[in-house]
Amino acid sequence: MAAQYVLSEITGKVWKVLCPVGTKVDEDEPILIIESMKMEIPVLSPCAGRVASFEVGEGDDVSEGQKVATVEP
Amino acid sequence: MSFEKEIEEHERRTQKVLAMGGEKRVERQHALGRLNARQRVDYLMDPGSFLEIGRFARSERTEDRENTPADGKVCGYGRIDGRETVVVSHDITVKSASSSPINVRKLGHMRRTAQANGMPLVLLNESSGARIPDTMGAIGTGTLGQDPTQFVRMRDIPYVSAVLGPAFGTACWFTQLSDFVVMRKDAQLAISSPRVTSIAINQAIDPMELAGWKMQSEVTGKVDYAVETDEEALDLVKRFLSYMPGHHGELPPRAAVPKGADDAVGALLDIVPESRSKVYDVRKVVSAICDPGSVFPLKERFARTAFAALARIDGRVVGILASNPLFKAGALDADSCDKATGFLVLCDSFNIPIVILSDTPGFLIGVEAERRKAPGKVINFMSALQMCSVPKFSIVMRKSYGQAYLNMGGTRNSDEMLAWYTADVGFMDPNVGVNVVYGLRYEDEPERFTQLVEEVRRDSSAYDLAGIFSAQAVIDPRESRAWLKRLLEVHERRPSRGIGKHLLGGWPTTF
């Protein structure tokens, strides 16, 4: 199965990367945290697999629907 | 023995129908890991309770009379967990269970009988769509549409659909009309098959992109559950029906309360973080408040900022609607409004009291929100809530701002409103408010900004809300279950005995 994109569902700023490249993750496991509306909002893995890459880093601005990482199932 | 010839002929005809589309086609169905239409009925219904209607119906075309047993739709009455139900099971082995004038006549009879006698209608959908050549030309097409009430939904009885293979045409239409939909992950649901669609629009089509479970459960939100097997799908149909009355003039069945049902609510203070900038999963709150094992989420993969579930409190069926801070901090978007509206319509139609839990910074605003027609959807949601005549209770857990506060049952938009002592209610987030009112950002003057935020935040507590009697009580989160149990007892005393006015019965089945 092809790698799946992890999308930010909200506009904000990347606050913390929780799972570096190579980390094994479950479906719905938080991969990074975005700060938006004064809240720390987790971005969840769309599937079980391994984090393959990041398109953004801590401190970067992201917009709704933006690709922030990929996960290989 | 008298009537020997008739008995023999009756048996021959019966066996021919029960053999469906023939050994080869039935085997092909099994090789796909699917049950056949009759096995599905057997799995669904209590043993020995199925009464087949229209067994000897067949195509009206002379050349197809012998090869269309039951005309591709196995229909009848049977009991599910002891309760009468009507089932229509599409038989893909007979002309791909395509729709013909005769089997549409059967379907109409089943639907009308279900409505007349107050029984849920269960549709096991697997069909290629309209039968060709039967429905071709003016005569073929003009023969359809003889039933002017075929697609009218007043929600007098529950409709339930399982999509167990390709489901196009009528099978798709009835799925759209249904209150609950479960779909196999290898099934397809669309207006027309990928092949027909591809030819019609001259474009290569990925069948799963067009009609797969991800599209239907995550994008359109029509499908409540996506599963691997027929058995899982049929078990979910049974589970959904266990929360439903047979018809809108009955209350849903009350269940026994599991042992230790009051124990979990004590954990609420550990589930909800003290820091307001931290999120949590509202599903854990719902599980702690409701009877153990009773929470049955609907459309869980769709519009996840809104969580909707059927559940039980003290054995009584309730509909839980909650904002979920885990997703988008609980900010409600256009899809969430659609999901909430559809859920309120379901609860009101089938006499299910509504419990709303809110922790939301408000509606998600912006260009995308306007493009998605969010304002109209917010007001549909609001109208639906105000037209609901079943008991409505709301709890403000933490923040609840602006119009979203009202949509989530704020003040008189529920029969009783409770506020946890952590509640924070205002027109908008105080940080945004300071920026809007004073034109000041934190970066400009941190000290003054913080002072102004404190000023804006003043008078926004649970006690301020209760002080003007907009909240009927301020409670400890751990008292939530006990309060809801008592409120359900009080509000079921109304003269209607909990049967609603059903003003939303005729609302659309998709939004």
# chains A, B, ... in the order shown; residues from 1 in each chain; ligands from 1
>>> residues_around(residues="B:Asn324", least_positions_apart="2", cutoff="8 Å", atoms="only C-alpha atoms", output="ChimeraX atom specification")
/B:280-283,304-307,322,326-327,329-330,359-360
>>> write_last_selection(atoms="C-alpha atoms", output="compact mmCIF listing (two decimals), in the first residue's frame")
# COMPACT_ATOMS: atom_id res chain seq x y z
CA TYR B 280 -8.91 15.35 25.46
CA ASP B 281 -11.05 12.74 23.79
CA VAL B 282 -14.70 13.38 24.60
CA ARG B 283 -15.48 9.73 23.83
CA ARG B 304 -14.94 14.11 13.91
CA THR B 305 -15.19 17.42 15.74
CA ALA B 306 -18.77 16.35 16.47
CA PHE B 307 -19.30 13.03 18.20
CA ALA B 322 -20.74 16.17 21.85
CA LEU B 326 -9.37 16.07 20.21
CA PHE B 327 -10.23 17.19 16.68
CA ALA B 329 -10.03 21.67 19.37
CA GLY B 330 -13.76 20.94 19.14
CA ASP B 359 -16.46 22.06 24.97
CA THR B 360 -16.05 24.16 21.86
>>> interface_residues(of="chain A", to="chain B", cutoff="10 Å", atoms="only C-alpha atoms", output="PyMOL selection string")
chain A and resi 8-11+34-44+64
>>> write_last_selection(atoms="C-alpha atoms", output="PDB file, in the first residue's frame")
ATOM      1  CA  SER A   8      -3.337  19.135   9.164  1.00  0.00           C
ATOM      2  CA  GLU A   9      -7.020  19.602   9.802  1.00  0.00           C
ATOM      3  CA  ILE A  10      -6.541  23.103  11.098  1.00  0.00           C
ATOM      4  CA  THR A  11      -4.541  26.294  10.471  1.00  0.00           C
ATOM      5  CA  ILE A  34      -0.220  22.090  16.258  1.00  0.00           C
ATOM      6  CA  GLU A  35      -0.896  25.188  18.277  1.00  0.00           C
ATOM      7  CA  SER A  36      -4.061  26.904  17.150  1.00  0.00           C
ATOM      8  CA  MET A  37      -6.750  28.922  18.908  1.00  0.00           C
ATOM      9  CA  LYS A  38      -4.531  28.828  22.052  1.00  0.00           C
ATOM     10  CA  MET A  39      -4.938  25.051  22.119  1.00  0.00           C
ATOM     11  CA  GLU A  40      -2.510  22.185  21.602  1.00  0.00           C
ATOM     12  CA  ILE A  41      -4.166  20.125  18.889  1.00  0.00           C
ATOM     13  CA  PRO A  42      -2.749  16.702  17.975  1.00  0.00           C
ATOM     14  CA  VAL A  43      -2.423  15.601  14.340  1.00  0.00           C
ATOM     15  CA  LEU A  44      -3.266  11.905  14.201  1.00  0.00           C
ATOM     16  CA  GLU A  64      -5.910  23.552   6.877  1.00  0.00           C
TER      17      GLU A  64
END
>>> residues_around(residues="stretch 204-209 of chain B", least_positions_apart="5", cutoff="7 Å", atoms="only C-alpha atoms", output="list in words")
Pro194, Ser198 and Met215 of chain B
>>> residues_around(residues="B:Arg105", least_positions_apart="3", cutoff="12 Å", atoms="only C-alpha atoms", output="VMD selection string")
chain B and resid 53 to 54 57 to 60 70 to 71 73 75 99 to 102 108 to 112 143 to 147 150
>>> residues_around(residues="stretch 229-240 of chain B", least_positions_apart="4", cutoff="9 Å", atoms="only C-alpha atoms", output="JSON, numbers by chain")
{"B": [33, 34, 35, 40, 43, 44, 80, 81, 122, 124, 160, 161, 162, 163, 164, 180, 181, 182, 183, 184, 185, 225, 244, 296, 310]}
>>> residues_around(residues="B:Pro120", least_positions_apart="6", cutoff="7 Å", atoms="only C-alpha atoms", output="list of chain:residue names")
B:Thr85, B:Val86, B:Ala114, B:Ile157, B:Pro158, B:Tyr159, B:Gly246, B:His247
>>> write_last_selection(atoms="N, CA and C atoms", output="mmCIF file, in the first residue's frame")
data_model
loop_
_atom_site.group_PDB
_atom_site.id
_atom_site.type_symbol
_atom_site.label_atom_id
_atom_site.label_comp_id
_atom_site.auth_asym_id
_atom_site.auth_seq_id
_atom_site.Cartn_x
_atom_site.Cartn_y
_atom_site.Cartn_z
ATOM 1 N N THR B 85 -39.760 -7.407 11.993
ATOM 2 C CA THR B 85 -38.967 -6.590 11.076
ATOM 3 C C THR B 85 -39.293 -7.009 9.641
ATOM 4 N N VAL B 86 -39.142 -6.081 8.713
ATOM 5 C CA VAL B 86 -39.314 -6.389 7.296
ATOM 6 C C VAL B 86 -37.935 -6.374 6.641
ATOM 7 N N ALA B 114 -44.469 -2.476 6.026
ATOM 8 C CA ALA B 114 -43.650 -2.094 7.181
ATOM 9 C C ALA B 114 -44.216 -0.827 7.822
ATOM 10 N N ILE B 157 -41.047 4.816 10.462
ATOM 11 C CA ILE B 157 -40.367 3.590 10.880
ATOM 12 C C ILE B 157 -38.876 3.756 10.568
ATOM 13 N N PRO B 158 -37.995 3.050 11.290
ATOM 14 C CA PRO B 158 -36.568 3.133 10.937
ATOM 15 C C PRO B 158 -36.279 2.395 9.618
ATOM 16 N N TYR B 159 -35.402 2.979 8.802
ATOM 17 C CA TYR B 159 -34.852 2.310 7.612
ATOM 18 C C TYR B 159 -33.379 2.012 7.924
ATOM 19 N N GLY B 246 -39.998 0.147 17.237
ATOM 20 C CA GLY B 246 -40.462 -0.425 15.970
ATOM 21 C C GLY B 246 -40.979 0.667 15.043
ATOM 22 N N HIS B 247 -41.569 1.709 15.644
ATOM 23 C CA HIS B 247 -42.109 2.830 14.856
ATOM 24 C C HIS B 247 -42.139 4.075 15.734
#
>>> atom_distance(atom1="atom CA of B:Val355", atom2="atom CA of B:Lys392")
6.0 Å
>>> atom_distance(atom1="atom CA of B:Pro297", atom2="atom CA of B:Ala311")
8.2 Å
